[in-house]
file final-v6.cif (mmCIF, C-alpha atoms)
data_start
#
loop_
_atom_site.label_atom_id
_atom_site.label_comp_id
_atom_site.auth_asym_id
_atom_site.auth_seq_id
_atom_site.Cartn_x
_atom_site.Cartn_y
_atom_site.Cartn_z
CA MET A 58 15.06 9.96 -20.53
CA SER A 59 13.91 10.36 -24.11
CA GLU A 60 15.26 12.10 -27.18
CA PHE A 61 13.67 13.14 -30.47
CA ASP A 62 15.27 12.60 -33.87
CA GLY A 63 14.49 14.59 -37.01
CA ASP A 64 11.19 12.72 -37.53
CA PHE A 65 10.10 13.43 -33.97
CA THR A 66 10.28 9.73 -33.15
CA VAL A 67 10.80 9.00 -29.47
CA ILE A 68 13.99 7.04 -28.85
CA PRO A 69 13.80 5.31 -25.45
CA GLU A 70 16.87 5.26 -23.24
CA TYR A 71 17.63 2.49 -20.78
CA LYS A 72 20.19 2.13 -18.03
CA VAL A 73 21.53 -1.42 -18.26
CA LEU A 74 23.87 -3.39 -16.00
CA LEU A 75 25.54 -6.58 -17.27
CA ILE A 76 26.63 -8.97 -14.51
CA ASP A 77 29.08 -11.40 -16.10
CA ASP A 78 32.64 -12.50 -15.32
CA ASP A 79 33.54 -12.80 -19.02
CA LYS A 80 35.18 -9.54 -20.10
CA THR A 81 35.13 -10.51 -23.79
CA TYR A 82 31.38 -11.09 -23.68
CA ALA A 83 30.91 -7.78 -21.87
CA GLN A 84 32.77 -5.98 -24.67
CA LEU A 85 30.59 -7.74 -27.24
CA VAL A 86 27.36 -6.71 -25.48
CA ARG A 87 28.62 -3.14 -25.20
CA ARG A 88 29.24 -2.97 -28.99
CA VAL A 89 25.92 -4.62 -29.78
CA LEU A 90 23.95 -2.16 -27.63
CA LYS A 91 25.91 0.82 -28.89
CA SER A 92 25.05 -0.10 -32.48
CA CYS A 93 21.28 -0.13 -31.82
CA ARG A 94 19.35 2.62 -33.59
CA THR A 95 15.91 2.07 -32.07
CA SER A 96 17.00 2.57 -28.45
CA ARG A 97 19.81 4.17 -26.50
CA PHE A 98 21.61 2.33 -23.71
CA ASP A 99 23.61 3.63 -20.77
CA PHE A 100 25.65 0.44 -20.39
CA GLU A 101 27.58 -0.68 -17.29
CA TRP A 102 29.35 -3.95 -16.55
CA THR A 103 30.56 -5.68 -13.40
CA PRO A 104 32.11 -9.11 -12.92
CA ASP A 105 31.97 -8.81 -9.12
CA PHE A 106 29.18 -10.59 -7.24
CA GLN A 107 29.07 -8.20 -4.26
CA THR A 108 29.00 -5.16 -6.55
CA ALA A 109 26.08 -6.77 -8.36
CA VAL A 110 24.29 -7.32 -5.03
CA ASP A 111 24.83 -3.67 -4.09
CA SER A 112 23.51 -2.53 -7.47
CA LEU A 113 20.37 -4.62 -7.18
CA GLU A 114 19.73 -3.33 -3.67
CA ALA A 115 20.24 0.26 -4.86
CA ASP A 116 17.73 -0.43 -7.67
CA ALA A 117 19.36 2.15 -9.94
CA HIS A 118 19.03 0.40 -13.34
CA ASP A 119 16.17 -0.20 -15.73
CA ALA A 120 17.44 -3.67 -16.67
CA TYR A 121 19.90 -6.23 -15.31
CA LEU A 122 21.48 -8.81 -17.63
CA ILE A 123 22.53 -11.58 -15.24
CA ASP A 124 24.74 -14.46 -16.34
CA TYR A 125 23.69 -17.78 -14.84
CA LYS A 126 27.26 -19.02 -14.37
CA LEU A 127 29.43 -16.71 -12.26
CA ALA A 128 32.79 -17.51 -10.66
CA ASP A 129 31.77 -18.62 -7.14
CA HIS A 130 28.05 -17.99 -7.39
CA ASP A 131 25.21 -18.29 -9.85
CA GLY A 132 22.70 -15.87 -11.29
CA LEU A 133 19.83 -17.40 -9.35
CA GLU A 134 21.32 -16.02 -6.14
CA LEU A 135 21.18 -12.54 -7.63
CA LEU A 136 17.58 -13.06 -8.71
CA LYS A 137 16.74 -13.90 -5.10
CA VAL A 138 18.40 -10.66 -3.97
CA GLY A 139 16.43 -8.62 -6.50
CA SER A 140 13.13 -10.26 -5.58
CA ARG A 141 13.74 -9.88 -1.86
CA ARG A 142 14.42 -6.17 -2.33
CA ASN A 143 11.43 -5.74 -4.68
CA CYS A 144 13.79 -4.49 -7.36
CA ARG A 145 11.91 -2.38 -9.91
CA GLY A 146 14.43 -3.03 -12.67
CA ALA A 147 13.76 -5.87 -15.10
CA MET A 148 16.01 -8.89 -14.46
CA ILE A 149 16.98 -10.97 -17.50
CA LEU A 150 18.87 -14.23 -17.00
CA LEU A 151 21.49 -15.16 -19.62
CA THR A 152 21.80 -18.93 -19.95
CA GLY A 153 23.57 -21.52 -22.01
CA ALA A 154 21.84 -23.62 -24.64
CA GLY A 155 19.30 -26.16 -23.39
CA ASP A 156 19.04 -24.93 -19.78
CA SER A 157 15.22 -25.17 -19.69
CA SER A 158 15.07 -26.15 -16.00
CA VAL A 159 17.19 -23.13 -15.13
CA ASP A 160 14.94 -20.90 -17.23
CA GLN A 161 11.85 -22.04 -15.33
CA LYS A 162 13.53 -21.52 -11.99
CA ALA A 163 14.61 -18.04 -13.06
CA LEU A 164 11.02 -17.02 -13.82
CA GLU A 165 9.91 -18.34 -10.43
CA LEU A 166 12.58 -16.18 -8.76
CA GLY A 167 11.49 -12.95 -10.43
CA ALA A 168 13.25 -12.87 -13.80
CA VAL A 169 11.12 -11.17 -16.44
CA GLU A 170 12.94 -12.83 -19.34
CA TYR A 171 15.68 -15.34 -20.05
CA MET A 172 17.89 -15.58 -23.11
CA GLU A 173 20.51 -17.93 -24.51
CA LYS A 174 23.77 -15.97 -24.60
CA HIS A 175 24.87 -17.14 -28.04
CA ARG A 176 21.61 -15.90 -29.59
CA ALA A 177 21.80 -12.39 -28.14
CA ASP A 178 22.33 -10.44 -31.33
CA GLY A 179 21.58 -6.72 -31.57
CA PRO A 180 17.86 -6.68 -32.50
CA MET A 181 16.96 -9.59 -30.20
CA LEU A 182 18.84 -8.15 -27.22
CA GLU A 183 17.36 -4.69 -27.76
CA ARG A 184 13.82 -6.09 -28.00
CA SER A 185 14.30 -8.30 -24.96
CA ILE A 186 15.47 -5.38 -22.84
CA ARG A 187 12.74 -3.06 -24.11
CA TYR A 188 9.93 -5.59 -23.63
CA ALA A 189 11.26 -6.70 -20.25
CA VAL A 190 11.45 -3.12 -18.96
CA GLN A 191 7.96 -2.33 -20.24
CA TRP A 192 6.59 -5.53 -18.71
CA LYS A 193 8.22 -4.74 -15.38
CA ARG A 194 6.85 -1.20 -15.38
CA LYS A 195 3.34 -2.47 -16.10
CA GLU A 196 3.77 -5.00 -13.32
CA GLU A 197 4.80 -2.21 -10.92
CA GLU A 198 1.77 -0.13 -11.96
CA LEU A 199 -0.50 -3.11 -11.34
CA ARG A 200 1.13 -3.76 -7.96
CA ALA A 201 0.64 -0.12 -6.95
CA ALA A 202 -3.00 -0.28 -8.06
CA ASN A 203 -3.51 -3.45 -6.02
CA GLU A 204 -1.97 -1.78 -2.96
CA GLN A 205 -4.38 1.14 -3.35
CA LEU A 206 -7.27 -1.31 -3.68
CA LYS A 207 -6.18 -3.10 -0.50
CA ALA A 208 -5.94 0.23 1.32
CA HIS A 209 -9.48 1.16 0.23
CA GLN A 210 -10.75 -2.27 1.31
CA MET A 211 -9.17 -1.83 4.73
CA GLN A 212 -10.81 1.60 5.01
CA LEU A 213 -14.20 0.07 4.22
CA ILE A 214 -13.64 -2.70 6.77
CA GLN A 215 -12.58 -0.13 9.37
CA ALA A 216 -15.60 2.06 8.60
CA GLU A 217 -17.99 -0.88 8.96
CA LYS A 218 -16.30 -1.92 12.21
CA MET A 219 -16.64 1.60 13.58
CA ASN A 220 -20.31 1.72 12.53
CA SER A 221 -20.99 -1.58 14.31
CA VAL A 222 -19.19 -0.50 17.45
CA GLY A 223 -20.98 2.85 17.29
CA ARG A 224 -24.41 1.21 17.25
CA LEU A 225 -23.44 -0.99 20.20
CA ALA A 226 -21.88 1.94 22.05
CA ALA A 227 -25.03 4.06 21.71
CA GLY A 228 -27.15 1.42 23.42
CA ILE A 229 -24.62 0.87 26.19
CA ALA A 230 -24.17 4.60 26.81
CA HIS A 231 -27.90 5.23 27.23
CA GLU A 232 -28.24 2.25 29.59
CA ILE A 233 -25.39 3.53 31.78
CA LYS A 234 -26.20 7.25 31.80
CA ASN A 235 -29.36 7.03 33.91
CA PRO A 236 -27.85 4.90 36.73
CA LEU A 237 -24.87 7.27 36.83
CA ALA A 238 -27.19 10.24 37.29
CA ILE A 239 -28.95 8.48 40.18
CA ILE A 240 -25.61 7.60 41.82
CA SER A 241 -24.46 11.21 41.45
CA MET A 242 -27.59 12.50 43.18
CA GLY A 243 -27.12 9.96 45.96
CA LEU A 244 -23.54 11.11 46.48
CA ASP A 245 -24.73 14.71 46.78
CA PHE A 246 -27.14 13.55 49.50
CA PHE A 247 -24.42 11.74 51.46
CA ARG A 248 -22.03 14.67 51.03
CA ASN A 249 -24.52 16.97 52.77
CA LYS A 250 -25.14 14.40 55.53
CA SER A 251 -21.42 13.80 56.17
CA ALA A 252 -20.17 17.38 56.11
CA LYS A 253 -18.51 16.96 59.53
CA ASP A 254 -17.16 13.44 58.97
CA GLU A 255 -13.86 13.87 57.13
CA GLY A 256 -13.47 10.14 56.43
CA MET A 257 -16.93 9.87 54.93
CA LYS A 258 -16.42 13.10 52.96
CA LEU A 259 -13.18 11.75 51.48
CA ALA A 260 -14.88 8.50 50.48
CA VAL A 261 -17.77 10.38 48.86
CA ASP A 262 -15.34 12.63 46.93
CA GLU A 263 -13.45 9.59 45.59
CA MET A 264 -16.71 7.95 44.49
CA ASP A 265 -17.77 11.21 42.88
CA ASP A 266 -14.48 11.31 40.93
CA ALA A 267 -15.12 7.75 39.75
CA VAL A 268 -18.63 8.67 38.60
CA THR A 269 -17.24 11.72 36.78
CA ARG A 270 -14.73 9.51 34.91
CA ALA A 271 -17.48 7.05 34.00
CA ASP A 272 -19.68 9.92 32.80
CA ARG A 273 -16.82 11.20 30.64
CA ILE A 274 -16.55 7.77 29.02
CA VAL A 275 -20.31 7.71 28.41
CA LYS A 276 -20.14 11.19 26.84
CA GLY A 277 -17.31 9.98 24.61
CA LEU A 278 -19.41 6.99 23.60
CA LEU A 279 -22.31 9.23 22.67
CA ASP A 280 -20.04 11.58 20.70
CA PHE A 281 -18.64 8.59 18.84
CA SER A 282 -21.93 6.84 18.13
CA ALA A 283 -24.32 9.74 17.56
CA PRO A 284 -25.04 10.65 13.93
CA LEU A 285 -23.35 14.01 13.69
CA GLU A 286 -25.24 16.89 12.12
CA LEU A 287 -22.75 19.20 10.54
CA LYS A 288 -23.34 22.94 10.49
CA GLN A 289 -20.91 23.86 7.77
CA ARG A 290 -20.06 27.38 6.76
CA ALA A 291 -17.10 29.18 5.24
CA GLU A 292 -14.47 29.36 7.97
CA ASP A 293 -10.93 30.63 8.41
CA LEU A 294 -9.13 27.47 9.54
CA HIS A 295 -6.40 29.54 11.21
CA ALA A 296 -9.01 31.16 13.45
CA VAL A 297 -10.41 27.70 14.30
CA LEU A 298 -6.92 26.47 15.15
CA SER A 299 -6.26 29.50 17.37
CA LYS A 300 -9.46 28.91 19.32
CA ALA A 301 -8.61 25.23 19.86
CA LEU A 302 -5.11 26.17 21.06
CA MET A 303 -6.65 28.66 23.48
CA PHE A 304 -8.75 25.89 25.04
CA VAL A 305 -5.66 23.72 25.74
CA ARG A 306 -3.20 26.49 26.62
CA HIS A 307 -3.31 25.66 30.36
CA GLU A 308 -2.52 21.99 29.66
CA LEU A 309 0.37 23.01 27.41
CA HIS A 310 1.65 25.58 29.92
CA ILE A 311 1.83 23.23 32.91
CA ARG A 312 3.70 20.68 30.77
CA HIS A 313 6.17 23.31 29.50
CA ILE A 314 5.22 22.74 25.88
CA LYS A 315 6.13 25.42 23.35
CA VAL A 316 3.79 26.00 20.40
CA LYS A 317 5.44 26.63 17.03
CA ARG A 318 3.19 27.92 14.25
CA GLU A 319 4.17 27.53 10.59
CA LEU A 320 1.06 28.84 8.87
CA ALA A 321 0.47 29.37 5.16
CA PRO A 322 0.39 33.11 4.36
CA LYS A 323 -2.90 32.91 2.47
CA LEU A 324 -5.30 30.16 3.42
CA PRO A 325 -8.58 29.96 1.47
CA LEU A 326 -11.83 29.63 3.39
CA CYS A 327 -13.22 26.11 3.64
CA HIS A 328 -16.71 24.87 4.47
CA VAL A 329 -16.49 23.09 7.82
CA ASP A 330 -18.33 22.78 11.10
CA ALA A 331 -16.05 24.93 13.24
CA ASN A 332 -17.14 23.37 16.56
CA LYS A 333 -16.50 19.87 15.27
CA PHE A 334 -13.08 20.87 13.95
CA ILE A 335 -12.22 22.44 17.31
CA GLN A 336 -13.10 19.09 18.87
CA VAL A 337 -10.75 17.33 16.43
CA PHE A 338 -7.90 19.75 17.10
CA ILE A 339 -8.32 19.57 20.89
CA ASN A 340 -8.20 15.76 20.81
CA ILE A 341 -4.99 15.83 18.79
CA PHE A 342 -3.40 18.60 20.90
CA LEU A 343 -4.15 16.72 24.13
CA ASN A 344 -2.75 13.49 22.72
CA ALA A 345 0.43 15.37 21.86
CA ALA A 346 0.56 16.95 25.32
CA TYR A 347 0.27 13.57 27.05
CA ALA A 348 3.14 12.32 24.88
CA MET A 349 5.38 15.16 26.15
CA PRO A 350 5.07 15.03 29.97
CA ASN A 351 8.47 16.68 30.44
CA GLY A 352 8.01 19.42 27.88
CA GLY A 353 8.62 19.70 24.18
CA VAL A 354 7.49 21.45 21.03
CA LEU A 355 4.05 21.28 19.42
CA THR A 356 4.28 22.36 15.77
CA VAL A 357 1.16 23.38 13.86
CA ARG A 358 1.72 23.70 10.12
CA THR A 359 -0.78 24.57 7.39
CA LYS A 360 -0.35 24.21 3.64
CA VAL A 361 -2.38 24.67 0.49
CA ARG A 362 -1.66 21.86 -1.94
CA SER A 363 -2.94 20.86 -5.35
CA LEU A 364 -4.71 17.52 -5.65
CA ASP A 365 -1.95 16.01 -7.77
CA GLU A 366 0.41 16.47 -4.79
CA VAL A 367 -1.94 14.48 -2.59
CA PHE A 368 -3.35 11.89 -5.01
CA THR A 369 -1.49 10.25 -7.88
CA GLY A 370 -2.85 10.12 -11.38
CA LEU A 371 -4.26 13.65 -11.46
CA THR A 372 -2.92 16.37 -13.72
CA GLU A 373 -2.53 19.97 -12.65
CA ASP A 374 -5.45 20.89 -14.92
CA SER A 375 -7.81 18.42 -13.26
CA ALA A 376 -6.61 19.58 -9.84
CA GLU A 377 -7.53 23.14 -10.76
CA GLU A 378 -10.98 22.01 -11.83
CA VAL A 379 -11.71 20.02 -8.67
CA GLY A 380 -10.05 22.36 -6.20
CA LYS A 381 -7.25 22.52 -3.71
CA VAL A 382 -6.54 20.68 -0.52
CA ILE A 383 -5.74 22.32 2.81
CA THR A 384 -3.53 20.19 4.99
CA VAL A 385 -2.91 20.75 8.69
CA GLU A 386 0.13 18.97 10.12
CA ILE A 387 0.42 18.70 13.89
CA GLU A 388 3.75 17.40 15.15
CA ASP A 389 5.01 16.68 18.65
CA THR A 390 8.43 15.81 20.03
CA GLY A 391 7.12 13.06 22.26
CA VAL A 392 7.80 9.36 22.58
CA GLY A 393 6.04 8.29 19.38
CA ILE A 394 3.69 5.35 18.90
CA PRO A 395 5.00 1.75 18.93
CA GLU A 396 4.90 0.41 15.36
CA ASP A 397 2.80 -2.59 16.39
CA LYS A 398 0.14 -0.22 17.77
CA LEU A 399 -0.22 2.11 14.76
CA ASP A 400 -2.92 0.02 13.09
CA LYS A 401 -5.05 0.08 16.26
CA ILE A 402 -5.08 3.80 17.06
CA TYR A 403 -8.49 4.42 15.46
CA ASP A 404 -10.11 1.51 17.29
CA PRO A 405 -12.63 2.72 19.89
CA PHE A 406 -11.30 2.36 23.47
CA PHE A 407 -7.73 1.72 22.34
CA THR A 408 -5.31 4.04 24.14
CA THR A 409 -1.64 4.14 25.04
CA LYS A 410 -2.37 6.43 27.99
CA PRO A 411 -2.43 5.17 31.60
CA THR A 412 -5.70 3.85 32.98
CA GLY A 413 -8.05 6.65 33.94
CA VAL A 414 -6.33 9.27 31.77
CA GLY A 415 -8.06 8.71 28.44
CA THR A 416 -11.11 6.92 27.06
CA GLY A 417 -9.50 5.76 23.82
CA LEU A 418 -12.22 7.48 21.79
CA GLY A 419 -10.49 10.74 20.79
CA LEU A 420 -8.98 9.63 17.49
CA ALA A 421 -11.99 7.48 16.62
CA VAL A 422 -14.26 10.51 16.96
CA ALA A 423 -11.78 12.77 15.14
CA LYS A 424 -11.54 10.31 12.24
CA SER A 425 -15.34 10.14 11.97
CA ILE A 426 -15.63 13.94 11.90
CA MET A 427 -13.00 14.23 9.17
CA LEU A 428 -14.70 11.54 7.06
CA LEU A 429 -18.03 13.34 7.40
CA HIS A 430 -16.33 16.45 5.99
CA GLY A 431 -14.97 14.42 3.07
CA GLY A 432 -11.47 14.83 4.46
CA GLY A 433 -8.81 12.58 5.86
CA LEU A 434 -6.79 12.01 9.03
CA ASP A 435 -3.47 10.16 9.03
CA VAL A 436 -1.12 9.46 11.93
CA GLU A 437 2.52 8.44 11.55
CA ASN A 438 5.76 8.49 13.47
CA LYS A 439 8.15 11.15 12.18
CA GLU A 440 10.87 9.88 9.85
CA ASN A 441 13.76 10.80 12.12
CA GLY A 442 12.04 9.50 15.25
CA GLY A 443 11.11 11.43 18.33
CA GLY A 444 7.47 12.23 17.87
CA VAL A 445 4.27 11.85 15.90
CA ARG A 446 2.87 13.70 12.89
CA VAL A 447 -0.91 13.95 12.44
CA THR A 448 -2.02 15.16 9.00
CA LEU A 449 -5.53 16.45 8.40
CA SER A 450 -6.69 17.15 4.86
CA ILE A 451 -9.83 18.83 3.61
CA LEU A 452 -10.93 19.84 0.13
CA VAL A 453 -11.46 23.53 -0.47
#
call {"tool": "encode", "arguments": {"input": "final-v6.cif", "output": "C-alpha cells"}}
result
Amino acid sequence: MSEFDGDFTVIPEYKVLLIDDDKTYAQLVRRVLKSCRTSRFDFEWTPDFQTAVDSLEADAHDAYLIDYKLADHDGLELLKVGSRRNCRGAMILLTGAGDSSVDQKALELGAVEYMEKHRADGPMLERSIRYAVQWKRKEEELRAANEQLKAHQMQLIQAEKMNSVGRLAAGIAHEIKNPLAIISMGLDFFRNKSAKDEGMKLAVDEMDDAVTRADRIVKGLLDFSAPLELKQRAEDLHAVLSKALMFVRHELHIRHIKVKRELAPKLPLCHVDANKFIQVFINIFLNAAYAMPNGGVLTVRTKVRSLDEVFTGLTEDSAEEVGKVITVEIEDTGVGIPEDKLDKIYDPFFTTKPTGVGTGLGLAVAKSIMLLHGGGLDVENKENGGGVRVTLSILV
C-alpha cells in the first residue's frame, strides 16, 4: 500500500515481522520503525520458532528480521525454511558483532541482507528493509522472466521435435498406404471366394478390421505431417462447436455423458478454418468421452477475455489496441491424466487409451492446428481433481 503526503510524495508501506526472543529488543525495533518518516511499517513480533516457521510458509510479510540466536534454534534454520518455500519476502539476518562466517552462510541460505543488531538505528534499519524488499522484488521479477524464457524454449524444442517427427511420419505413411490398399483389395477378393465358408469369412473380416485400424493410423500420420492450408473466414465459434458436438453425439449418448454448455452471450466472430477447428473439437470431445466410460458431464465454456487477463505485462489500453482473446474451456469429469504423463500428451503416438483404441495423434494434430491459427492449447487436471480441463485460445 502507498500513501501521499501534502507534497504528493509516495510513502512506501512494508509489513515486517521480527523473529527474536528478546522482548526488550522487539520494543526498541518497534519504536525505531514507528519513528521513521520516509516509510511506514506494519510491525509484528514473535519470539516463537514454530510461529515464525508458519509465518514464513504463509509468506505474508514483505520483510523478515531474523535473529541469529534464538532459544533452542538459530536463524539459519528459518532461512532454510524460507528458501525451501521460495518465500517472496526479504529475509534479513540480525547478527552479533564480528559474525562474518555466519553472515556468509546467511547469504548462501537466501538472506538478502544481514545486519549487526547494535548498529540497527532508525535510518539504517529503514534503508536495509527498503533496499532488501526492493532487491527481493527485482529478484522475483527476474525469476518469473526466466521461467517464461524456459517455457518459450521448451515450446521451441517441442515444435522442432514435432516438425522432425512430422517429416519422418510423412515418408512412413506414404510407404505404408500403398501396401495397405493392395491388402484391402486382396481381402475383398477372398471375401467373395469364401462367402459360404464361415471360418474363412470370419478370418477375412478380422484381417479387414486390422487393415482399417492401420489405415486410420496412416491417415492420422498424414494429417499430422501434411502442411495444412488454412481456409480462414469469419466464423461464429458457437456454430462450429455445435457442429462438432453433433458429430460426436452418438458416442456421448452411448456413454451416458451429459453436455453442459456455458456460452458467452455475445461472442465476436473470429477468422478460423471451421473444418480444422471441428477436427480439434472432435479430438478433444472424444478424448473426454474415453475418460468417462461410465458416464459423466462434458462442460463446454466460452469466454471473451482481454489480453491482460491472458498475458502479463499488458495494460488494458494495449489490450484494446491488439484485440481480445476468445477462450474455449472443455472440461470432463473423468479419471484425469497422471501427473507424470502430462508433459508427454502432445508427443505423437503417445496415448493413455488401450491398444487399438487411439493412435496417439489427436492432441498433436490439434496443437498444430491451433498454432497455425496463432492460438494456444493447454491441458491440465482440474484443481479439485476428477477430470481434465482443455483450454483453447484464439485472438479475435
call {"tool": "resolve_selection", "arguments": {"input": "final-v6.cif", "expression": "the PyMOL selection byres ((chain A and resi 240-244) around 9)", "output": "list in words"}}
result
Asn235, Pro236, Leu237, Ala238, Ile239, Asp245, Phe246, Phe247, Arg248, Asn249, Val261, Asp262, Met264, Asp265, Val268 and Thr269 of chain A
call {"tool": "residues_around", "arguments": {"input": "final-v6.cif", "residues": "Arg358 in chain A", "least_positions_apart": "6", "cutoff": "7 Å", "atoms": "all atoms listed in the file", "output": "PDB file with C-alpha atoms, keeping the file's coordinate frame"}}
result
ATOM      1  CA  ARG A 318       3.190  27.920  14.250  1.00  0.00           C
ATOM      2  CA  GLU A 319       4.170  27.530  10.590  1.00  0.00           C
ATOM      3  CA  LEU A 320       1.060  28.840   8.870  1.00  0.00           C
ATOM      4  CA  VAL A 385      -2.910  20.750   8.690  1.00  0.00           C
ATOM      5  CA  GLU A 386       0.130  18.970  10.120  1.00  0.00           C
ATOM      6  CA  ILE A 387       0.420  18.700  13.890  1.00  0.00           C
TER       7      ILE A 387
END
call {"tool": "axis_aligned_box", "arguments": {"input": "final-v6.cif", "around": "range 348-354 of chain A", "padding_each_side": "4 Å", "output": "lines of an AutoDock Vina configuration file"}}
result
center_x = 5.9
center_y = 16.9
center_z = 25.7
size_x = 13.5
size_y = 17.1
size_z = 17.4
call {"tool": "closest_residue", "arguments": {"input": "final-v6.cif", "among": "A:Val275, A:Val361, A:Ala83, A:Val190", "to": "Pro69 in chain A", "atoms": "all atoms listed in the file"}}
result
A:Val190
call {"tool": "residues_around", "arguments": {"input": "final-v6.cif", "residues": "Thr390 in chain A", "least_positions_apart": "4", "cutoff": "9 Å", "atoms": "all atoms listed in the file", "output": "short mmCIF file (atom, residue, chain, number, x, y, z; two decimals) with C-alpha atoms, in the coordinates of the input"}}
result
data_model
loop_
_atom_site.label_atom_id
_atom_site.label_comp_id
_atom_site.auth_asym_id
_atom_site.auth_seq_id
_atom_site.Cartn_x
_atom_site.Cartn_y
_atom_site.Cartn_z
CA ALA A 345 0.43 15.37 21.86
CA ALA A 348 3.14 12.32 24.88
CA MET A 349 5.38 15.16 26.15
CA GLY A 352 8.01 19.42 27.88
CA GLY A 353 8.62 19.70 24.18
CA VAL A 354 7.49 21.45 21.03
CA LEU A 355 4.05 21.28 19.42
CA THR A 356 4.28 22.36 15.77
CA GLY A 442 12.04 9.50 15.25
CA GLY A 443 11.11 11.43 18.33
CA GLY A 444 7.47 12.23 17.87
CA VAL A 445 4.27 11.85 15.90
#
call {"tool": "residues_around", "arguments": {"input": "final-v6.cif", "residues": "range 425-431 of chain A", "least_positions_apart": "6", "cutoff": "7 Å", "atoms": "all atoms listed in the file", "output": "list in words"}}
result
Val329, Lys333 and Ile451 of chain A
call {"tool": "closest_residue", "arguments": {"input": "final-v6.cif", "among": "A:Lys174, A:Asp78, A:Pro322, A:Gln191", "to": "Asp129 in chain A", "atoms": "all atoms listed in the file"}}
result
A:Asp78
call {"tool": "resolve_selection", "arguments": {"input": "final-v6.cif", "expression": "the PyMOL selection byres ((chain A and resi 115) around 12)", "output": "NGL selection string"}}
result
:A and (108-114 or 116-119 or 138-139 or 142-146)
call {"tool": "atom_distance", "arguments": {"input": "final-v6.cif", "atom1": "CA of Lys288 in chain A", "atom2": "CA of Ser363 in chain A"}}
result
25.9 Å
call {"tool": "atom_distance", "arguments": {"input": "final-v6.cif", "atom1": "CA of Leu298 in chain A", "atom2": "CA of Thr448 in chain A"}}
result
13.8 Å
call {"tool": "resolve_selection", "arguments": {"input": "final-v6.cif", "expression": "the PyMOL selection byres ((chain A and resi 435) around 6)", "output": "list in words"}}
result
Leu434, Val436, Val447 and Thr448 of chain A
call {"tool": "closest_residue", "arguments": {"input": "final-v6.cif", "among": "A:Val392, A:Val73, A:Leu151, A:Ile341", "to": "His175 in chain A", "atoms": "only C-alpha atoms"}}
result
A:Leu151
